[in-house]
Amino acid sequence: MKKILYGTLLSTVALATIMTSTSCEDMLKPESDIVLYPEDNQLDTPYDTVYSTIGIAHLMLKVLDRTNLLGEVRADLSTLTPSASKDLQELAANDVSLTNVYNNPQDYYKIINNCNYFIANADSTLKKNGVKVFERELATVRGWRAWTYLQLVLNYGEIPFYLDFLDNQLAAEEIMKQPKLGIKEVCAELIADIEPCVGVLPTTYLNRRVQFPPKLLLGELNLWAGNYAEAAKWYHDYVTDVDYPLPVEYSFCRREFTSTGRTESAGYSTLNTQNLYLAYDSDDFYGGTVSDLPNLYNSTIANKNCFEITYSESALQRSESQHCVVVRINEDLSRDTLEWVNDWNERLWNGDLRLKSEIALDYTSTVEEGFGHNIQEIYSKIDSRRLMLYRTSVVYLHFAEALNRAGFPTAAFAVLKYGLCEDNTTNRASGNPIAADEVERAGDLLYFDPAIFKGMDYTTYVSNSTGTISSSLREANTVGIHCYGGTAADADTTYNIPALPSAIDTTLWVEDKIIEELALETIFEGQRFYDLMRVALRRDDNSFLANAVASRDGGPANLNSAMQSRMMDRKNWYLPLK
């Protein structure tokens, strides 16, 4: 580790290109937004705001592929094909060697130490036209550092932690003498570092979707730290931000009973303007960082159709087991709630449609020599241009997780079934689905501006003679996330919190539903292992993670007992530090 820490000491970063295309002439201009000259490393001019932050962002691209793979391949939603590399096989077995290509902590520390340099050397008092030149950049860089540290500690368990720039081996050795910090300790340090940045606006020359909003980071860090009321507050503040509100919008998985029968479609899209992502370079011709994920998940010419990762039997069973209903609107405005019978031969069309909407499978008998016959394409979640880090629906599910543990289980469940807004809570004709005592205790935590957040009212949407629903359905922008799978969850009388013996039983039941929803919502996104880990740590129950991962190949009959035993030992949840 001493070698790694010392080897990452960089004062500034010499760049090629990042998240944009430029001409050769632009690359050579001293005032270019793309080129950082090594001698310009004092961080005392306005130009440094561009050069240095783009340089750090470029370093972050090197950890993006593994951010997805470490969270996906080690869990239960995905499985490997016979074409998978030895390094991926080690991830799937949760038995990762020191030489594994995805086990490279120095890449994280390189980012962190460059952030430390920027924060230590940027002149926070420098002003231009009365505005602090580095204020926005300092907030952006602190956010990048916090996110990078969070990834590091989630994957390694206990880590060397430092916020000062290390510029020599002696300083690195001193850090190594200090006790390593665990997840809660790291989060506590980062929370204190991020909180002063809450009111700072994003930089203008970087796409706001490649910057981590402080409110969102504070929600995430507090959730991992177990500060649930604080986490819920920050998530709420983030999604209700007056300048950038984030409703849970209607998805495209649809089921309808029509005059001629029934139809269903799965065109669910995850790439919309609300999502937060980091973008890869456009190509690697000039040494840029591009994603290899399409070659791992999809059939491509480069891999001769031999993709290495696909969905697991566990993911498919969970998807097809979901109960689904539809609401038929009659011409007299009455409504019928009808159960959708899952009787399709293709299992992907049964139950929840989100998995079906993301993947296309085919078989071709005629291929070139050396090419595989099975074809797989994952539509929007695997993108050579960007890695999705926080989708709006995932933020709401984490908000629900925090609400539930903060003592608001019915409000948390409302995120899944209805969506949080006045139309779906206090204004519902059938009554408020959130318990009265929770509403009273929550205060502003459950306030969503009715001018912005609008729920669906089925009585205003009429089916015409062909059975199609009026386009006015799109006026609603808030729905329960469980509806994304192609079910009218708010009308499903079986999808309710049951009567349970105690408050903690209710909390655990709702939490199980939230984690199940996260599984349905985030397959292929690299979230699952961390979701399982977070709940297992919270409950101090290793079996929560162990049993899930061991069930990758299906139900109890296919439980991998060796994997289950291995994952009961918490040290096997983490990669070995080298």
# chains A, B, ... in the order shown; residues from 1 in each chain; ligands from 1
call {"tool": "residues_around", "arguments": {"residues": "segment 88-91 of chain A", "least_positions_apart": "5", "cutoff": "10 Å", "atoms": "only C-alpha atoms", "output": "mmCIF file with N, CA and C atoms, in the first residue's frame"}}
result
data_model
loop_
_atom_site.group_PDB
_atom_site.id
_atom_site.type_symbol
_atom_site.label_atom_id
_atom_site.label_comp_id
_atom_site.auth_asym_id
_atom_site.auth_seq_id
_atom_site.Cartn_x
_atom_site.Cartn_y
_atom_site.Cartn_z
ATOM 1 N N LEU A 69 -19.169 -3.231 -12.541
ATOM 2 C CA LEU A 69 -18.910 -4.671 -12.427
ATOM 3 C C LEU A 69 -18.807 -5.135 -10.979
ATOM 4 N N LEU A 70 -18.170 -4.352 -10.117
ATOM 5 C CA LEU A 70 -18.037 -4.756 -8.721
ATOM 6 C C LEU A 70 -19.390 -4.793 -8.021
ATOM 7 N N GLY A 71 -20.304 -3.941 -8.443
ATOM 8 C CA GLY A 71 -21.623 -3.943 -7.834
ATOM 9 C C GLY A 71 -22.583 -4.930 -8.452
ATOM 10 N N GLU A 72 -22.303 -5.368 -9.678
ATOM 11 C CA GLU A 72 -23.233 -6.236 -10.397
ATOM 12 C C GLU A 72 -22.824 -7.702 -10.363
ATOM 13 N N VAL A 73 -21.612 -7.996 -10.761
ATOM 14 C CA VAL A 73 -21.187 -9.389 -10.960
ATOM 15 C C VAL A 73 -21.075 -10.136 -9.641
ATOM 16 N N ARG A 74 -20.777 -9.456 -8.550
ATOM 17 C CA ARG A 74 -20.633 -10.133 -7.257
ATOM 18 C C ARG A 74 -21.964 -10.463 -6.603
ATOM 19 N N ALA A 75 -23.070 -9.927 -7.133
ATOM 20 C CA ALA A 75 -24.367 -10.091 -6.478
ATOM 21 C C ALA A 75 -25.182 -11.205 -7.131
ATOM 22 N N THR A 79 -25.370 -13.295 -14.032
ATOM 23 C CA THR A 79 -24.541 -14.496 -14.051
ATOM 24 C C THR A 79 -23.618 -14.420 -15.254
ATOM 25 N N LEU A 80 -22.586 -15.249 -15.254
ATOM 26 C CA LEU A 80 -21.598 -15.209 -16.319
ATOM 27 C C LEU A 80 -21.869 -16.290 -17.348
ATOM 28 N N THR A 81 -21.424 -16.040 -18.553
ATOM 29 C CA THR A 81 -21.476 -17.032 -19.626
ATOM 30 C C THR A 81 -20.138 -17.762 -19.673
ATOM 31 N N PRO A 82 -20.053 -18.865 -20.429
ATOM 32 C CA PRO A 82 -18.771 -19.572 -20.551
ATOM 33 C C PRO A 82 -17.647 -18.725 -21.135
ATOM 34 N N SER A 83 -17.989 -17.600 -21.750
ATOM 35 C CA SER A 83 -16.968 -16.738 -22.352
ATOM 36 C C SER A 83 -16.316 -15.803 -21.352
ATOM 37 N N VAL A 96 -11.511 -12.730 -4.998
ATOM 38 C CA VAL A 96 -10.747 -11.865 -5.897
ATOM 39 C C VAL A 96 -9.271 -11.865 -5.499
ATOM 40 N N SER A 97 -8.421 -12.062 -6.472
ATOM 41 C CA SER A 97 -6.988 -12.118 -6.221
ATOM 42 C C SER A 97 -6.381 -10.724 -6.228
ATOM 43 N N ASN A 100 -6.093 -9.316 -9.811
ATOM 44 C CA ASN A 100 -7.296 -9.117 -10.619
ATOM 45 C C ASN A 100 -7.307 -7.711 -11.206
ATOM 46 N N VAL A 101 -7.640 -7.613 -12.479
ATOM 47 C CA VAL A 101 -7.587 -6.321 -13.167
ATOM 48 C C VAL A 101 -8.549 -5.307 -12.562
ATOM 49 N N TYR A 102 -9.606 -5.782 -11.904
ATOM 50 C CA TYR A 102 -10.585 -4.869 -11.298
ATOM 51 C C TYR A 102 -10.230 -4.513 -9.854
ATOM 52 N N ASN A 103 -9.151 -5.084 -9.343
ATOM 53 C CA ASN A 103 -8.695 -4.787 -7.987
ATOM 54 C C ASN A 103 -7.496 -3.848 -8.081
ATOM 55 N N LEU A 296 -18.747 -6.614 -22.763
ATOM 56 C CA LEU A 296 -18.991 -7.611 -21.722
ATOM 57 C C LEU A 296 -20.465 -8.015 -21.651
ATOM 58 N N GLU A 308 -20.302 -11.784 -22.056
ATOM 59 C CA GLU A 308 -19.816 -12.480 -20.863
ATOM 60 C C GLU A 308 -20.752 -12.410 -19.666
ATOM 61 N N ILE A 309 -21.715 -11.493 -19.680
ATOM 62 C CA ILE A 309 -22.608 -11.302 -18.535
ATOM 63 C C ILE A 309 -24.047 -11.289 -19.024
ATOM 64 N N LEU A 575 -12.712 -6.572 -1.352
ATOM 65 C CA LEU A 575 -11.532 -6.917 -2.129
ATOM 66 C C LEU A 575 -10.290 -6.796 -1.246
#
call {"tool": "residues_around", "arguments": {"residues": "Ala229 of chain A", "least_positions_apart": "6", "cutoff": "9 Å", "atoms": "only C-alpha atoms", "output": "list in words"}}
result
Asn222, Leu223, Ala402, Leu403, Arg405, Ala406 and Gly407 of chain A
call {"tool": "atom_distance", "arguments": {"atom1": "atom CA of Asp76 of chain A", "atom2": "atom CA of Leu278 of chain A"}}
result
25.1 Å
call {"tool": "residues_around", "arguments": {"residues": "Asn155 of chain A", "least_positions_apart": "5", "cutoff": "10 Å", "atoms": "only C-alpha atoms", "output": "list in words"}}
result
Thr67, Leu70, Gly71, Asn103, Pro105, Tyr149, Leu150, Ile183, Phe529, Tyr530, Trp573, Tyr574, Leu575, Pro576 and Leu577 of chain A
call {"tool": "write_last_selection", "arguments": {"atoms": "C-alpha atoms", "output": "mmCIF file, in the first residue's frame"}}
result
data_model
loop_
_atom_site.group_PDB
_atom_site.id
_atom_site.type_symbol
_atom_site.label_atom_id
_atom_site.label_comp_id
_atom_site.auth_asym_id
_atom_site.auth_seq_id
_atom_site.Cartn_x
_atom_site.Cartn_y
_atom_site.Cartn_z
ATOM 1 C CA THR A 67 -17.961 0.656 -10.552
ATOM 2 C CA LEU A 70 -18.037 -4.756 -8.721
ATOM 3 C CA GLY A 71 -21.623 -3.943 -7.834
ATOM 4 C CA ASN A 103 -8.695 -4.787 -7.987
ATOM 5 C CA PRO A 105 -7.084 0.785 -5.414
ATOM 6 C CA TYR A 149 -13.875 7.618 -1.185
ATOM 7 C CA LEU A 150 -17.330 6.050 -0.861
ATOM 8 C CA ILE A 183 -17.656 2.801 6.212
ATOM 9 C CA PHE A 529 -24.193 -5.866 -4.157
ATOM 10 C CA TYR A 530 -24.082 -2.575 -2.276
ATOM 11 C CA TRP A 573 -17.483 -9.049 0.980
ATOM 12 C CA TYR A 574 -14.453 -6.905 0.279
ATOM 13 C CA LEU A 575 -11.532 -6.917 -2.129
ATOM 14 C CA PRO A 576 -8.027 -7.457 -0.771
ATOM 15 C CA LEU A 577 -5.966 -4.274 -0.458
#
call {"tool": "select_by_dssp", "arguments": {"residues": "segment 253-426 of chain A", "states": "alpha helix (DSSP H)", "output": "PyMOL selection string"}}
result
chain A and resi 293-297+313-320+354-358+392-405+409-417
call {"tool": "residues_around", "arguments": {"residues": "Asp352 of chain A", "least_positions_apart": "6", "cutoff": "6 Å", "atoms": "only C-alpha atoms", "output": "list in words"}}
result
Ser319, Glu320, Gln322 and Gly485 of chain A
call {"tool": "atom_distance", "arguments": {"atom1": "atom CA of Ile112 of chain A", "atom2": "atom CA of Glu189 of chain A"}}
result
14.0 Å
call {"tool": "select_by_dssp", "arguments": {"residues": "segment 294-339 of chain A", "states": "strand (DSSP E)", "output": "list in words"}}
result
Ile309, Thr310, Tyr311, Val325, Val326, Val327, Arg328, Ile329, Arg335, Asp336, Thr337, Leu338 and Glu339 of chain A
call {"tool": "closest_residue", "arguments": {"among": "A:Asn298, A:Asn374, A:Thr494, A:Gln178", "to": "Phe161 of chain A", "atoms": "only C-alpha atoms"}}
result
A:Gln178
call {"tool": "residues_around", "arguments": {"residues": "Ala146 of chain A", "least_positions_apart": "3", "cutoff": "10 Å", "atoms": "only C-alpha atoms", "output": "list in words"}}
result
Ile112, Cys115, Thr140, Val141, Arg142, Gly143, Tyr149, Leu150, Gln151, Leu152, Val186, Cys187, Glu189, Leu190, Ile191, Asp193, Ile194, Phe212, Pro214, Leu217, Leu218 and Leu221 of chain A
call {"tool": "write_last_selection", "arguments": {"atoms": "N, CA and C atoms", "output": "PDB file, in the first residue's frame"}}
result
ATOM      1  N   ILE A 112      -8.174  10.815  -5.541  1.00  0.00           N
ATOM      2  CA  ILE A 112      -8.284  11.465  -4.242  1.00  0.00           C
ATOM      3  C   ILE A 112      -7.128  12.432  -4.007  1.00  0.00           C
ATOM      4  N   CYS A 115      -7.556  15.505  -6.026  1.00  0.00           N
ATOM      5  CA  CYS A 115      -8.572  16.354  -5.382  1.00  0.00           C
ATOM      6  C   CYS A 115      -7.963  17.080  -4.181  1.00  0.00           C
ATOM      7  N   THR A 140     -17.312  21.153  -6.495  1.00  0.00           N
ATOM      8  CA  THR A 140     -17.317  20.028  -7.437  1.00  0.00           C
ATOM      9  C   THR A 140     -16.252  19.011  -7.074  1.00  0.00           C
ATOM     10  N   VAL A 141     -15.048  19.477  -6.779  1.00  0.00           N
ATOM     11  CA  VAL A 141     -13.941  18.571  -6.474  1.00  0.00           C
ATOM     12  C   VAL A 141     -14.171  17.861  -5.147  1.00  0.00           C
ATOM     13  N   ARG A 142     -14.724  18.550  -4.165  1.00  0.00           N
ATOM     14  CA  ARG A 142     -15.058  17.874  -2.901  1.00  0.00           C
ATOM     15  C   ARG A 142     -16.095  16.771  -3.141  1.00  0.00           C
ATOM     16  N   GLY A 143     -17.030  17.031  -4.046  1.00  0.00           N
ATOM     17  CA  GLY A 143     -18.014  16.006  -4.373  1.00  0.00           C
ATOM     18  C   GLY A 143     -17.385  14.806  -5.043  1.00  0.00           C
ATOM     19  N   TYR A 149     -14.127   8.251  -2.479  1.00  0.00           N
ATOM     20  CA  TYR A 149     -13.875   7.618  -1.185  1.00  0.00           C
ATOM     21  C   TYR A 149     -14.979   6.625  -0.838  1.00  0.00           C
ATOM     22  N   LEU A 150     -16.227   6.963  -1.156  1.00  0.00           N
ATOM     23  CA  LEU A 150     -17.330   6.050  -0.861  1.00  0.00           C
ATOM     24  C   LEU A 150     -17.166   4.754  -1.647  1.00  0.00           C
ATOM     25  N   GLN A 151     -16.814   4.849  -2.937  1.00  0.00           N
ATOM     26  CA  GLN A 151     -16.594   3.636  -3.723  1.00  0.00           C
ATOM     27  C   GLN A 151     -15.452   2.813  -3.144  1.00  0.00           C
ATOM     28  N   LEU A 152     -14.417   3.479  -2.725  1.00  0.00           N
ATOM     29  CA  LEU A 152     -13.239   2.798  -2.189  1.00  0.00           C
ATOM     30  C   LEU A 152     -13.564   2.035  -0.913  1.00  0.00           C
ATOM     31  N   VAL A 186     -15.624   6.795   7.559  1.00  0.00           N
ATOM     32  CA  VAL A 186     -15.361   7.537   6.327  1.00  0.00           C
ATOM     33  C   VAL A 186     -16.529   8.462   5.995  1.00  0.00           C
ATOM     34  N   CYS A 187     -17.746   7.945   6.132  1.00  0.00           N
ATOM     35  CA  CYS A 187     -18.923   8.767   5.838  1.00  0.00           C
ATOM     36  C   CYS A 187     -19.006   9.978   6.768  1.00  0.00           C
ATOM     37  N   GLU A 189     -16.530  11.610   8.141  1.00  0.00           N
ATOM     38  CA  GLU A 189     -15.540  12.590   7.683  1.00  0.00           C
ATOM     39  C   GLU A 189     -16.036  13.334   6.442  1.00  0.00           C
ATOM     40  N   LEU A 190     -16.634  12.597   5.525  1.00  0.00           N
ATOM     41  CA  LEU A 190     -17.072  13.203   4.266  1.00  0.00           C
ATOM     42  C   LEU A 190     -18.296  14.086   4.451  1.00  0.00           C
ATOM     43  N   ILE A 191     -19.171  13.714   5.363  1.00  0.00           N
ATOM     44  CA  ILE A 191     -20.342  14.547   5.649  1.00  0.00           C
ATOM     45  C   ILE A 191     -19.895  15.918   6.133  1.00  0.00           C
ATOM     46  N   ASP A 193     -17.158  17.348   5.489  1.00  0.00           N
ATOM     47  CA  ASP A 193     -16.460  18.036   4.403  1.00  0.00           C
ATOM     48  C   ASP A 193     -17.427  18.596   3.365  1.00  0.00           C
ATOM     49  N   ILE A 194     -18.551  17.918   3.146  1.00  0.00           N
ATOM     50  CA  ILE A 194     -19.487  18.291   2.085  1.00  0.00           C
ATOM     51  C   ILE A 194     -20.525  19.318   2.548  1.00  0.00           C
ATOM     52  N   PHE A 212     -21.570  15.943  -8.683  1.00  0.00           N
ATOM     53  CA  PHE A 212     -22.380  15.333  -7.634  1.00  0.00           C
ATOM     54  C   PHE A 212     -22.989  16.413  -6.761  1.00  0.00           C
ATOM     55  N   PRO A 214     -24.278  18.301  -3.714  1.00  0.00           N
ATOM     56  CA  PRO A 214     -23.998  18.065  -2.295  1.00  0.00           C
ATOM     57  C   PRO A 214     -25.173  17.451  -1.539  1.00  0.00           C
ATOM     58  N   LEU A 217     -25.247  13.727  -2.259  1.00  0.00           N
ATOM     59  CA  LEU A 217     -24.153  13.053  -1.566  1.00  0.00           C
ATOM     60  C   LEU A 217     -24.416  12.954  -0.069  1.00  0.00           C
ATOM     61  N   LEU A 218     -24.962  13.996   0.517  1.00  0.00           N
ATOM     62  CA  LEU A 218     -25.257  13.959   1.950  1.00  0.00           C
ATOM     63  C   LEU A 218     -26.343  12.938   2.254  1.00  0.00           C
ATOM     64  N   LEU A 221     -24.367   9.511   1.952  1.00  0.00           N
ATOM     65  CA  LEU A 221     -23.415   9.313   3.045  1.00  0.00           C
ATOM     66  C   LEU A 221     -24.132   9.073   4.367  1.00  0.00           C
TER      67      LEU A 221
END
call {"tool": "atom_distance", "arguments": {"atom1": "atom CA of Arg570 of chain A", "atom2": "atom CA of Ile515 of chain A"}}
result
19.8 Å
call {"tool": "closest_residue", "arguments": {"among": "A:Gln106, A:Asn116, A:Asn68, A:Thr506", "to": "Ile382 of chain A", "atoms": "only C-alpha atoms"}}
result
A:Asn68
call {"tool": "residues_around", "arguments": {"residues": "Gln376 of chain A", "least_positions_apart": "4", "cutoff": "8 Å", "atoms": "only C-alpha atoms", "output": "JSON, numbers by chain"}}
result
{"A": [297, 298, 299, 305, 307, 359, 360, 361, 362]}
call {"tool": "write_last_selection", "arguments": {"atoms": "C-alpha atoms", "output": "JSON list (two decimals), in the first residue's frame"}}
result
[["chain", "number", "residue", "atom", "x", "y", "z"],
["A", 297, "TYR", "CA", -22.78, -7.31, -21.76],
["A", 298, "ASN", "CA", -23.62, -7.19, -25.49],
["A", 299, "SER", "CA", -22.90, -9.17, -28.63],
["A", 305, "ASN", "CA", -21.00, -12.29, -30.25],
["A", 307, "PHE", "CA", -20.94, -11.63, -24.38],
["A", 359, "ILE", "CA", -32.74, -6.82, -22.94],
["A", 360, "ALA", "CA", -33.08, -8.35, -26.40],
["A", 361, "LEU", "CA", -32.15, -11.98, -26.97],
["A", 362, "ASP", "CA", -31.83, -13.80, -30.28]]
